[in-house]
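Source file: entry-v9.txt; contents: compact mmCIF, C-alpha atoms.
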```txt
# COMPACT_ATOMS: atom_id res chain seq x y z
CA MET B 1 -38.10 39.33 -29.91
CA SER B 2 -39.06 36.57 -27.54
CA GLN B 3 -39.54 37.26 -23.87
CA LEU B 4 -36.67 36.14 -21.72
CA HIS B 5 -37.76 33.57 -19.15
CA LEU B 6 -35.28 33.55 -16.30
CA PRO B 7 -35.33 30.58 -13.92
CA PRO B 8 -37.00 31.33 -10.58
CA LEU B 9 -35.15 31.06 -7.27
CA ALA B 10 -37.36 28.19 -6.12
CA ALA B 11 -37.30 24.86 -7.92
CA GLU B 12 -40.46 24.16 -9.94
CA THR B 13 -42.73 21.32 -8.86
CA ILE B 14 -43.21 18.82 -11.68
CA PHE B 15 -45.52 16.31 -10.02
CA HIS B 16 -46.44 14.92 -6.62
CA ILE B 17 -45.84 11.57 -4.97
CA GLY B 18 -48.72 11.42 -2.53
CA ARG B 19 -48.44 14.77 -0.78
CA LEU B 20 -44.75 15.14 -1.51
CA PRO B 21 -43.87 17.63 -4.26
CA VAL B 22 -41.26 16.44 -6.77
CA THR B 23 -39.29 19.33 -8.24
CA ASN B 24 -37.14 19.41 -11.35
CA THR B 25 -34.01 19.62 -9.18
CA ILE B 26 -35.06 16.39 -7.46
CA VAL B 27 -35.36 14.77 -10.90
CA ASN B 28 -31.77 15.85 -11.56
CA THR B 29 -30.72 14.44 -8.21
CA TRP B 30 -32.36 11.12 -9.12
CA ILE B 31 -30.55 11.10 -12.47
CA ALA B 32 -27.25 11.63 -10.63
CA MET B 33 -28.25 8.87 -8.22
CA ILE B 34 -28.97 6.44 -11.09
CA ILE B 35 -25.69 7.31 -12.83
CA PHE B 36 -23.76 6.71 -9.60
CA LEU B 37 -25.66 3.47 -9.00
CA ILE B 38 -24.92 2.08 -12.49
CA PHE B 39 -21.34 3.29 -12.42
CA GLY B 40 -20.88 1.93 -8.90
CA LEU B 41 -22.31 -1.50 -9.77
CA VAL B 42 -20.12 -1.76 -12.86
CA LEU B 43 -17.04 -0.60 -10.96
CA ARG B 44 -17.69 -2.83 -7.95
CA HIS B 45 -18.07 -5.81 -10.28
CA ARG B 46 -14.82 -5.03 -12.10
CA VAL B 47 -12.68 -3.87 -9.23
CA SER B 48 -9.62 -6.07 -8.72
CA LEU B 49 -5.96 -5.97 -7.71
CA ARG B 50 -5.04 -5.85 -11.38
CA PRO B 51 -6.95 -2.72 -12.35
CA SER B 52 -8.85 -2.39 -15.61
CA LYS B 53 -8.74 0.82 -17.64
CA LEU B 54 -11.83 2.16 -15.88
CA GLN B 55 -10.53 1.28 -12.44
CA ASN B 56 -7.17 2.79 -13.31
CA TRP B 57 -8.77 6.11 -14.21
CA CYS B 58 -10.94 6.10 -11.10
CA GLU B 59 -7.97 5.27 -8.87
CA TYR B 60 -5.87 7.95 -10.54
CA PHE B 61 -8.56 10.56 -9.98
CA LEU B 62 -9.24 9.40 -6.41
CA ASP B 63 -5.55 9.36 -5.58
CA LEU B 64 -5.20 12.89 -6.93
CA LEU B 65 -8.13 13.98 -4.78
CA LEU B 66 -6.77 12.21 -1.69
CA GLY B 67 -3.50 14.07 -2.22
CA TYR B 68 -5.33 17.41 -2.04
CA PHE B 69 -7.32 16.26 0.98
CA ASP B 70 -4.08 15.18 2.69
CA GLN B 71 -2.82 18.76 2.39
CA VAL B 72 -5.73 19.82 4.59
CA THR B 73 -5.79 16.97 7.10
CA GLY B 74 -2.03 16.34 7.07
CA ASP B 75 -2.61 12.64 7.49
CA ARG B 76 -3.87 9.97 5.06
CA LYS B 77 -5.62 8.07 7.87
CA LYS B 78 -7.67 11.15 8.77
CA THR B 79 -8.44 11.74 5.10
CA LEU B 80 -9.76 8.21 4.72
CA LYS B 81 -11.83 8.66 7.88
CA PHE B 82 -13.49 11.77 6.45
CA LEU B 83 -13.74 10.41 2.90
CA PRO B 84 -17.26 8.90 3.17
CA VAL B 85 -18.76 12.37 3.69
CA VAL B 86 -16.26 14.58 1.87
CA GLY B 87 -15.84 12.26 -1.13
CA SER B 88 -19.59 11.81 -1.51
CA VAL B 89 -20.17 15.56 -1.28
CA PHE B 90 -17.46 16.28 -3.85
CA PHE B 91 -18.54 13.72 -6.45
CA PHE B 92 -22.24 14.42 -6.04
CA ILE B 93 -21.84 18.20 -6.40
CA LEU B 94 -19.50 17.72 -9.35
CA LEU B 95 -21.84 15.42 -11.25
CA SER B 96 -24.92 17.49 -10.39
CA ASN B 97 -23.25 20.65 -11.63
CA TRP B 98 -22.10 19.03 -14.86
CA LEU B 99 -25.47 17.38 -15.44
CA GLY B 100 -26.96 20.86 -15.51
CA LEU B 101 -24.97 21.56 -18.67
CA LEU B 102 -26.47 18.66 -20.60
CA PRO B 103 -28.76 19.54 -23.51
CA GLY B 104 -32.39 19.38 -22.41
CA THR B 105 -31.79 21.01 -19.06
CA GLY B 106 -34.23 23.88 -18.92
CA SER B 107 -35.55 23.23 -22.41
CA ILE B 108 -37.61 20.04 -22.01
CA LEU B 109 -40.91 21.19 -20.56
CA ILE B 110 -43.62 19.38 -18.70
CA GLY B 111 -46.59 21.66 -18.90
CA HIS B 112 -44.98 25.06 -18.44
CA GLU B 113 -42.16 23.88 -16.20
CA PRO B 114 -38.74 22.55 -17.27
CA LEU B 115 -38.25 18.86 -16.48
CA LEU B 116 -34.56 19.19 -15.64
CA ARG B 117 -32.70 21.80 -13.62
CA PRO B 118 -29.24 21.74 -12.00
CA ALA B 119 -29.73 20.09 -8.62
CA ASN B 120 -27.69 22.67 -6.76
CA THR B 121 -29.99 25.52 -7.83
CA ASP B 122 -32.28 24.15 -5.14
CA LEU B 123 -31.43 25.70 -1.80
CA ASN B 124 -33.08 22.76 -0.02
CA LEU B 125 -30.41 20.44 -1.38
CA THR B 126 -27.48 22.74 -0.66
CA ILE B 127 -28.74 23.35 2.89
CA ALA B 128 -29.23 19.59 3.35
CA MET B 129 -25.64 18.96 2.28
CA ALA B 130 -24.32 21.79 4.45
CA VAL B 131 -26.24 20.48 7.45
CA VAL B 132 -24.84 16.99 6.85
CA ALA B 133 -21.32 18.42 6.54
CA VAL B 134 -21.52 20.47 9.74
CA ILE B 135 -23.25 17.75 11.78
CA SER B 136 -20.70 15.20 10.52
CA SER B 137 -17.87 17.49 11.67
CA HIS B 138 -19.40 17.55 15.17
CA ILE B 139 -19.87 13.77 15.17
CA PHE B 140 -16.19 13.37 14.27
CA GLY B 141 -15.38 15.89 17.00
CA PHE B 142 -17.32 13.86 19.58
CA LEU B 143 -15.70 10.62 18.45
CA THR B 144 -12.17 12.00 18.31
CA VAL B 145 -11.77 14.36 21.27
CA GLY B 146 -14.68 13.20 23.41
CA VAL B 147 -18.14 14.63 24.00
CA PHE B 148 -17.28 16.96 26.90
CA THR B 149 -14.05 18.27 25.38
CA HIS B 150 -15.84 19.02 22.12
CA LEU B 151 -18.84 20.64 23.84
CA ASN B 152 -16.44 22.69 25.95
CA LYS B 153 -15.31 24.42 22.74
CA PHE B 154 -18.75 26.07 22.64
CA VAL B 155 -20.03 26.15 26.20
CA GLN B 156 -16.96 26.68 28.35
CA LEU B 157 -18.63 26.28 31.74
CA GLY B 158 -15.88 23.96 33.01
CA SER B 159 -13.21 26.62 32.43
CA LEU B 160 -15.43 29.23 34.12
CA VAL B 161 -15.87 27.08 37.24
CA LYS B 162 -12.15 26.22 37.41
CA SER B 163 -11.17 29.88 37.04
CA ILE B 164 -12.89 30.83 40.33
CA ARG B 165 -9.97 29.30 42.25
CA ASN B 166 -7.36 31.14 40.15
CA GLY B 167 -8.23 34.75 40.86
CA PRO B 168 -9.93 37.66 39.07
CA ILE B 169 -7.77 37.66 35.91
CA ALA B 170 -8.49 33.98 35.29
CA ILE B 171 -12.21 34.64 35.87
CA PHE B 172 -12.09 37.55 33.39
CA THR B 173 -10.35 35.31 30.80
CA ALA B 174 -12.86 32.53 31.39
CA VAL B 175 -15.79 34.92 30.91
CA ILE B 176 -14.31 36.09 27.61
CA GLU B 177 -13.73 32.47 26.55
CA PHE B 178 -17.34 31.70 27.49
CA ALA B 179 -18.54 34.54 25.27
CA VAL B 180 -16.25 33.39 22.45
CA GLY B 181 -17.74 29.90 22.81
CA LEU B 182 -21.23 31.34 22.35
CA ILE B 183 -20.03 33.17 19.25
CA GLU B 184 -18.67 29.82 18.03
CA ILE B 185 -22.21 28.44 18.19
CA VAL B 186 -23.37 31.26 15.91
CA SER B 187 -20.44 30.55 13.59
CA GLU B 188 -21.60 26.93 13.29
CA ALA B 189 -24.94 28.17 11.95
CA ALA B 190 -23.04 30.58 9.71
CA LYS B 191 -21.12 27.63 8.28
CA VAL B 192 -24.37 26.06 7.09
CA VAL B 193 -25.58 29.36 5.64
CA SER B 194 -22.30 30.17 3.90
CA LEU B 195 -21.78 26.67 2.50
CA SER B 196 -25.29 26.38 1.15
CA LEU B 197 -25.67 29.91 -0.20
CA ARG B 198 -22.24 29.91 -1.86
CA LEU B 199 -22.97 26.76 -3.82
CA PHE B 200 -26.53 27.77 -4.59
CA GLY B 201 -25.50 31.27 -5.62
CA ASN B 202 -22.75 30.15 -7.96
CA ILE B 203 -24.75 27.47 -9.69
CA PHE B 204 -27.90 29.59 -9.90
CA ALA B 205 -25.86 32.46 -11.32
CA GLY B 206 -24.39 30.09 -13.88
CA GLU B 207 -27.84 28.90 -14.81
CA VAL B 208 -29.09 32.46 -15.24
CA LEU B 209 -25.99 33.37 -17.26
CA MET B 210 -26.44 30.38 -19.54
CA THR B 211 -30.13 31.19 -20.01
CA VAL B 212 -29.37 34.81 -20.90
CA ILE B 213 -26.53 33.91 -23.28
CA ALA B 214 -28.53 31.13 -24.94
CA SER B 215 -31.49 33.44 -25.42
CA LEU B 216 -29.24 36.07 -27.01
CA VAL B 217 -27.36 33.82 -29.44
CA GLY B 218 -28.19 30.14 -29.42
CA LEU B 219 -25.32 28.89 -31.59
CA LEU B 220 -21.62 28.65 -30.58
CA VAL B 221 -21.64 31.71 -28.31
CA PRO B 222 -22.75 29.76 -25.20
CA THR B 223 -19.90 27.24 -25.70
CA PRO B 224 -17.14 29.22 -23.88
CA PHE B 225 -19.61 29.94 -21.10
CA MET B 226 -20.40 26.24 -20.88
CA LEU B 227 -16.69 25.51 -20.55
CA LEU B 228 -16.57 28.17 -17.86
CA GLU B 229 -19.48 26.44 -16.13
CA LEU B 230 -17.57 23.14 -16.26
CA LEU B 231 -14.79 24.91 -14.40
CA VAL B 232 -17.23 26.52 -11.97
CA GLY B 233 -18.76 23.08 -11.34
CA ILE B 234 -15.46 21.52 -10.32
CA ILE B 235 -14.37 24.61 -8.36
CA GLN B 236 -17.58 24.73 -6.37
CA ALA B 237 -17.41 21.00 -5.67
CA SER B 238 -13.81 21.43 -4.49
CA VAL B 239 -14.65 24.46 -2.34
CA PHE B 240 -17.57 22.70 -0.65
CA ALA B 241 -15.57 19.51 -0.08
CA MET B 242 -12.47 21.34 1.15
CA LEU B 243 -14.44 23.50 3.57
CA THR B 244 -16.22 20.40 4.88
CA LEU B 245 -12.84 18.79 5.33
CA VAL B 246 -11.53 21.85 7.17
CA TYR B 247 -14.55 21.85 9.49
CA MET B 248 -14.02 18.17 10.21
CA SER B 249 -10.29 18.58 10.79
CA VAL B 250 -10.84 21.51 13.15
CA ALA B 251 -13.62 19.72 15.01
CA SER B 252 -11.52 16.59 15.50
CA ALA B 253 -8.46 18.57 16.69
CA VAL B 254 -7.79 18.65 20.42
CA PRO B 255 -8.34 22.24 21.69
CA HIS B 256 -5.48 24.16 23.34
CA GLY B 257 -5.19 23.38 27.02
CA ALA B 258 -7.22 20.18 26.76
CA GLU B 259 -4.14 17.99 26.20
CA HIS B 260 -3.46 17.94 29.93
CA MET D 1 -34.25 44.28 -26.39
CA GLN D 2 -35.83 43.72 -23.06
CA PHE D 3 -33.83 41.52 -20.75
CA THR D 4 -35.85 41.95 -17.63
CA ASN D 5 -38.33 39.27 -17.08
CA THR D 6 -41.25 41.09 -15.64
CA ALA D 7 -43.05 37.84 -14.96
CA TYR D 8 -40.03 36.56 -13.01
CA ALA D 9 -39.75 39.78 -11.00
CA ALA D 10 -43.41 39.77 -10.22
CA GLU D 11 -43.31 36.13 -9.21
CA THR D 12 -40.36 36.70 -6.89
CA ALA D 13 -41.88 39.80 -5.33
CA GLU D 14 -45.16 38.01 -4.79
CA ALA D 15 -43.49 35.03 -3.15
CA THR D 16 -41.50 37.33 -0.89
CA GLN D 17 -44.56 39.17 0.21
CA SER D 18 -46.69 36.09 0.80
CA ALA D 19 -44.38 33.59 2.43
CA GLY D 20 -41.31 35.50 3.39
CA VAL D 21 -37.70 35.23 2.36
CA ALA D 22 -37.41 31.47 2.93
CA ALA D 23 -40.33 30.72 0.65
CA SER D 24 -39.02 33.08 -2.01
CA LEU D 25 -35.75 31.16 -1.96
CA GLY D 26 -37.71 27.95 -2.35
CA ILE D 27 -36.91 26.65 1.13
CA ASN D 28 -39.54 24.16 2.09
CA GLY D 29 -39.56 21.72 5.01
CA SER D 30 -40.77 18.67 3.14
CA LEU D 31 -38.51 19.39 0.16
CA PHE D 32 -35.57 19.83 2.54
CA ILE D 33 -36.25 16.41 4.11
CA PHE D 34 -36.72 14.93 0.63
CA GLN D 35 -33.39 16.35 -0.55
CA LEU D 36 -31.71 15.25 2.67
CA ILE D 37 -32.87 11.68 2.05
CA ASN D 38 -31.80 11.96 -1.59
CA PHE D 39 -28.36 13.12 -0.57
CA ALA D 40 -28.09 10.37 2.05
CA ILE D 41 -28.94 7.76 -0.61
CA VAL D 42 -26.46 9.26 -3.09
CA ALA D 43 -23.75 9.42 -0.42
CA THR D 44 -24.42 5.78 0.51
CA ILE D 45 -24.20 4.72 -3.14
CA ILE D 46 -21.01 6.72 -3.74
CA TRP D 47 -19.36 5.40 -0.59
CA PHE D 48 -20.37 1.75 -0.68
CA LEU D 49 -20.27 1.17 -4.44
CA ILE D 50 -17.45 3.45 -5.56
CA LEU D 51 -15.17 4.95 -2.93
CA LYS D 52 -15.02 2.08 -0.43
CA PRO D 53 -14.21 -0.68 -2.96
CA LEU D 54 -11.65 1.57 -4.64
CA THR D 55 -9.91 2.66 -1.43
CA LYS D 56 -10.03 -0.90 -0.10
CA LYS D 57 -8.46 -2.28 -3.27
CA MET D 58 -5.86 0.51 -3.31
CA ALA D 59 -4.98 -0.25 0.31
CA GLU D 60 -4.80 -3.99 -0.47
CA ARG D 61 -2.50 -3.29 -3.41
CA GLN D 62 -0.37 -0.98 -1.31
CA LYS D 63 -0.13 -3.65 1.38
CA MET D 64 0.72 -6.27 -1.23
CA ILE D 65 3.47 -4.07 -2.67
CA ASP D 66 4.84 -3.35 0.81
CA ASP D 67 4.72 -7.07 1.69
CA SER D 68 6.39 -7.98 -1.61
CA ILE D 69 9.18 -5.48 -1.00
CA GLU D 70 9.54 -6.76 2.57
CA ASN D 71 9.56 -10.37 1.34
CA SER D 72 12.06 -9.64 -1.39
CA LYS D 73 14.31 -8.01 1.21
CA LYS D 74 13.96 -11.07 3.45
CA ILE D 75 14.62 -13.40 0.51
CA GLN D 76 17.67 -11.37 -0.43
CA GLU D 77 18.92 -11.47 3.14
CA THR D 78 18.28 -15.24 3.33
CA LEU D 79 20.03 -15.69 0.00
CA GLN D 80 23.00 -13.67 1.18
CA ARG D 81 23.08 -15.64 4.43
CA GLY D 82 22.84 -18.87 2.42
CA GLU D 83 25.63 -17.79 0.12
CA GLN D 84 27.71 -16.82 3.14
CA LYS D 85 27.05 -20.19 4.77
CA TYR D 86 27.78 -21.95 1.49
CA GLN D 87 31.06 -20.05 1.21
CA GLU D 88 31.87 -20.91 4.84
CA ARG D 89 31.12 -24.57 4.15
CA VAL D 90 33.21 -24.48 0.99
CA ASP D 91 36.06 -22.91 2.95
CA GLU D 92 35.64 -25.48 5.72
CA ALA D 93 35.57 -28.25 3.12
CA LYS D 94 38.71 -26.84 1.54
CA VAL D 95 40.45 -26.76 4.90
CA GLU D 96 39.22 -30.30 5.63
CA TYR D 97 40.31 -31.42 2.18
CA ASN D 98 43.75 -29.94 2.67
CA LYS D 99 44.00 -31.61 6.07
CA ILE D 100 42.90 -34.96 4.63
CA VAL D 101 45.29 -34.63 1.71
CA ALA D 102 48.13 -33.65 4.04
CA LYS D 103 47.32 -36.53 6.37
CA ALA D 104 47.01 -38.95 3.46
CA THR D 105 50.33 -37.75 2.09
CA ALA D 106 51.94 -38.11 5.49
CA ASP D 107 50.38 -41.56 5.96
CA ALA D 108 51.45 -42.60 2.51
CA GLU D 109 54.98 -41.38 3.13
CA GLN D 110 55.04 -43.15 6.46
CA ALA D 111 53.64 -46.30 4.91
CA ALA D 112 56.19 -46.07 2.14
CA GLU D 113 58.94 -45.59 4.69
CA THR D 114 57.67 -48.54 6.71
CA MET D 115 57.39 -50.68 3.64
CA LYS D 116 60.84 -49.61 2.53
CA GLY D 117 62.24 -50.51 5.91
CA ARG D 118 60.51 -53.85 5.86
CA ALA D 119 61.63 -54.51 2.35
CA LYS D 120 65.17 -53.58 3.35
CA GLN D 121 64.99 -55.89 6.34
CA GLU D 122 63.56 -58.67 4.24
CA ILE D 123 66.19 -58.10 1.62
CA GLU D 124 68.87 -58.17 4.30
CA ILE D 125 67.37 -61.36 5.71
CA VAL D 126 67.22 -62.90 2.26
CA VAL D 127 70.75 -61.75 1.52
CA ASP D 128 71.98 -63.10 4.87
CA GLN D 129 70.15 -66.34 4.27
CA ALA D 130 71.61 -66.55 0.80
CA LYS D 131 75.07 -65.73 2.12
CA ARG D 132 74.69 -68.35 4.83
CA ASN D 133 73.46 -70.88 2.33
CA ILE D 134 76.30 -69.99 0.00
CA ARG D 135 78.74 -70.30 2.86
CA ILE D 136 77.28 -73.64 3.91
CA GLU D 137 77.25 -74.83 0.37
CA LYS D 138 80.78 -73.54 -0.09
CA ASN D 139 81.91 -75.28 3.04
CA GLU D 140 80.12 -78.41 1.97
CA MET D 141 81.66 -78.13 -1.46
CA VAL D 142 85.08 -77.44 0.01
CA ALA D 143 84.68 -80.39 2.34
CA GLY D 144 83.43 -82.53 -0.50
CA LEU D 145 86.21 -81.33 -2.74
CA LYS D 146 88.75 -81.99 -0.06
CA LYS D 147 87.35 -85.42 0.46
CA GLU D 148 87.24 -86.09 -3.26
CA THR D 149 90.69 -84.69 -3.71
CA ALA D 150 91.97 -86.79 -0.83
CA ASN D 151 90.31 -89.84 -2.24
CA LEU D 152 91.75 -89.02 -5.62
CA ILE D 153 95.16 -88.48 -4.24
CA VAL D 154 94.90 -91.63 -2.17
CA ALA D 155 93.84 -93.51 -5.19
CA ALA D 156 96.58 -91.96 -7.27
CA LEU D 157 99.23 -92.47 -4.68
CA GLU D 158 98.03 -95.98 -4.03
CA LYS D 159 98.46 -96.68 -7.62
CA ILE D 160 101.84 -94.98 -7.77
CA ILE D 161 103.31 -96.37 -4.59
CA ALA D 162 101.24 -99.44 -4.14
CA GLU D 163 104.02 -101.65 -3.53
CA LYS D 164 106.52 -99.43 -1.61
CA MET D 165 104.32 -98.60 1.36
CA ASP D 166 102.20 -100.64 3.72
CA GLY D 167 98.80 -99.81 4.68
CA LYS D 168 99.54 -98.05 7.94
CA LYS D 169 102.21 -95.74 6.57
CA ASP D 170 100.16 -95.03 3.64
CA LYS D 171 97.28 -93.85 5.72
CA GLU D 172 99.45 -91.62 7.93
CA MET D 173 101.05 -89.97 4.99
CA ILE D 174 97.73 -89.34 3.35
CA GLU D 175 96.31 -87.76 6.44
CA GLU D 176 99.37 -85.52 6.65
CA ILE D 177 98.96 -84.44 3.06
CA VAL D 178 95.35 -83.80 3.61
CA LYS D 179 96.04 -81.64 6.63
CA LYS D 180 98.44 -79.56 4.55
CA LEU D 181 95.85 -78.92 1.97
```
So that I can check it, write out the structure of this file as structure tokens.
Amino acid sequence: MSQLHLPPLAAETIFHIGRLPVTNTIVNTWIAMIIFLIFGLVLRHRVSLRPSKLQNWCEYFLDLLLGYFDQVTGDRKKTLKFLPVVGSVFFFILLSNWLGLLPGTGSILIGHEPLLRPANTDLNLTIAMAVVAVISSHIFGFLTVGVFTHLNKFVQLGSLVKSIRNGPIAIFTAVIEFAVGLIEIVSEAAKVVSLSLRLFGNIFAGEVLMTVIASLVGLLVPTPFMLLELLVGIIQASVFAMLTLVYMSVASAVPHGAEH
Amino acid sequence: MQFTNTAYAAETAEATQSAGVAASLGINGSLFIFQLINFAIVATIIWFLILKPLTKKMAERQKMIDDSIENSKKIQETLQRGEQKYQERVDEAKVEYNKIVAKATADAEQAAETMKGRAKQEIEIVVDQAKRNIRIEKNEMVAGLKKETANLIVAALEKIIAEKMDGKKDKEMIEEIVKKL
């Protein structure tokens, strides 16, 4: 019986570019990048008012996705405004997750390390995406409701100062709102942690599951699990994208009492 | 069958002890920046090469469809207005035609009446002229006949009573006879 080699939590370094370590998850990210680049160049060259078969499929899929996004934002204009970040996040996570199911992932070795590994099993990548998502939501918040209005959601000093003229109850309310604002700051950090760890956890768990199943029975048995992983891939991409969209929608909404 | 990877467990435990939780999870500053740049590049590619051209083209098509529908509505309205105007013109033309026909009929009737009247007058003039001529001719003929008859009678009587009457008596008697005629 062969010893089961489970993938480690940290991505394995394959080689270095100068002093920069290149891990197997970065290789997967590059593969996704190349696929998107080729696909994008082909699509951009072919895109026209009379759509080809390829363009038709892409538009169908995009329109379907925009419909789901509209349910969150409630407005197609807002959806299109958030699409550069949300759409990129969704398609990148989806392709990265599905690339991890390709034969060769985990089995082609360079030295003792696998050359390919699902990109989202690297916490650095998931944190990077979560940071981009949360920072983007704040940028949209600044652009939509204004810098001071948006900052006032977290540090409600303005409300505290105004409440002094309105008596003790207003001051008490303002103090509570100030405390809630500080908690909101913590929740922003929690967003990054939850987004990144959820994606990482699900994809890493899938990778471990696939490794265990494949080491038990290599033929046919992993197939249903691979199908399950296809589903997990699209679900996780949807969850990440939808949550990003929710954060952006909430951040760009005018807070209660700020309309006046 | 042993499922636990002792090497994996040892590796994880070692990493946790030496570099803390972050290191055990593989979190690394330079790798984070590297992945951030990777994601930024991927996002740029996805947006500028795939999503932007697609959404732009979809919006263009949507606009084209909306414009076409709007144009077709305008064309239909223009067509209806044109048809309405055409019908109005046709109706106007019909009214005008009826007026012209009525006027022409009235003019024609009037002209016919006028011509009839003139013709009647001319006929009357011609008839009068003819009657006058006939009368003149009749008178002339009567006068001529009288004269001829008188001459004939004179000649006859002269022959019959040539020797019983002189010239003066003869003439008186003739004139008397002639007057009686």
Which residues, written as a list in words, have at least one atom at most 12 Å from B:Asp63, with only C-alpha atoms counted and residues fewer than 2 positions away on the same chain left out?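 What passes the distance filter is Gln55, Asn56, Trp57, Cys58, Glu59, Tyr60, Phe61, Leu65, Leu66, Gly67, Tyr68, Phe69, Asp70, Arg76, Thr79, Leu80, Leu83 and Gly87 of chain B; Leu51, Leu54, Thr55, Met58 and Ala59 of chain D.
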Listing only residues of chain D within 7 Å of chain B, what is the closest atom pair and its distance in Å (to one decimal) for each, using all atoms listed in the file, sorted by chain and residue number ascending, as a tab-separated table?
```
residue	atom	partner	partner_atom	distance
D:Phe3	CA	B:Leu4	CA	6.2
D:Asn5	CA	B:Leu4	CA	5.8
D:Tyr8	CA	B:Pro8	CA	6.5
D:Ser24	CA	B:Ala10	CA	6.6
D:Leu25	CA	B:Leu9	CA	5.3
D:Gly26	CA	B:Ala10	CA	3.8
D:Ile27	CA	B:Asn124	CA	5.6
D:Asn28	CA	B:Asn124	CA	6.9
D:Leu31	CA	B:Asn124	CA	6.4
D:Phe32	CA	B:Asn124	CA	4.6
D:Gln35	CA	B:Leu125	CA	5.1
D:Leu36	CA	B:Ala128	CA	5.0
D:Val42	CA	B:Met33	CA	5.4
D:Ala43	CA	B:Ser88	CA	4.9
D:Ile45	CA	B:Leu37	CA	6.2
D:Ile46	CA	B:Ser88	CA	5.7
D:Trp47	CA	B:Pro84	CA	5.5
D:Leu49	CA	B:Gly40	CA	4.6
D:Ile50	CA	B:Gly40	CA	5.0
D:Pro53	CA	B:Arg44	CA	6.5
D:Leu54	CA	B:Glu59	CA	6.7
D:Lys57	CA	B:Leu49	CA	6.3
D:Arg61	CA	B:Leu49	CA	6.1
```
What is the distance, in Å and to one decimal place, between atom CA of B:Leu94 and atom CA of B:Met242?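 Rounded to one decimal, the two atoms are 13.1 Å apart.
The shortest atom-to-atom distance to D:Phe39, with only C-alpha atoms taken into account, belongs to B:Ala133 out of B:Ala133, B:Leu54, B:Leu115, B:Ile14.
One finds atom CA of B:Val221 at 15.9 Å from atom CA of B:Leu102.
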Where's the centre, and what are the edge lengths in Å to one decimal, of a box along x, y and z enclosing all listed atoms of stretch 129-132 of chain D padded 8 Å per side, as JSON?
```
{"center_x": 72.6, "center_y": -67.0, "center_z": 2.8, "size_x": 20.9, "size_y": 18.6, "size_z": 20.0}
```
Could you name the residues that touch B:Leu227 at 12 Å or less, counting all atoms listed in the file, but leaving out those on the same chain fewer than 6 positions away, as a ChimeraX atom specification? /B:98,101-102,206,210,220-221,233-234
Could you work out how far atom CA of B:Met248 lies from atom CA of B:Ser136, giving the answer in Å with one decimal? 7.3 Å
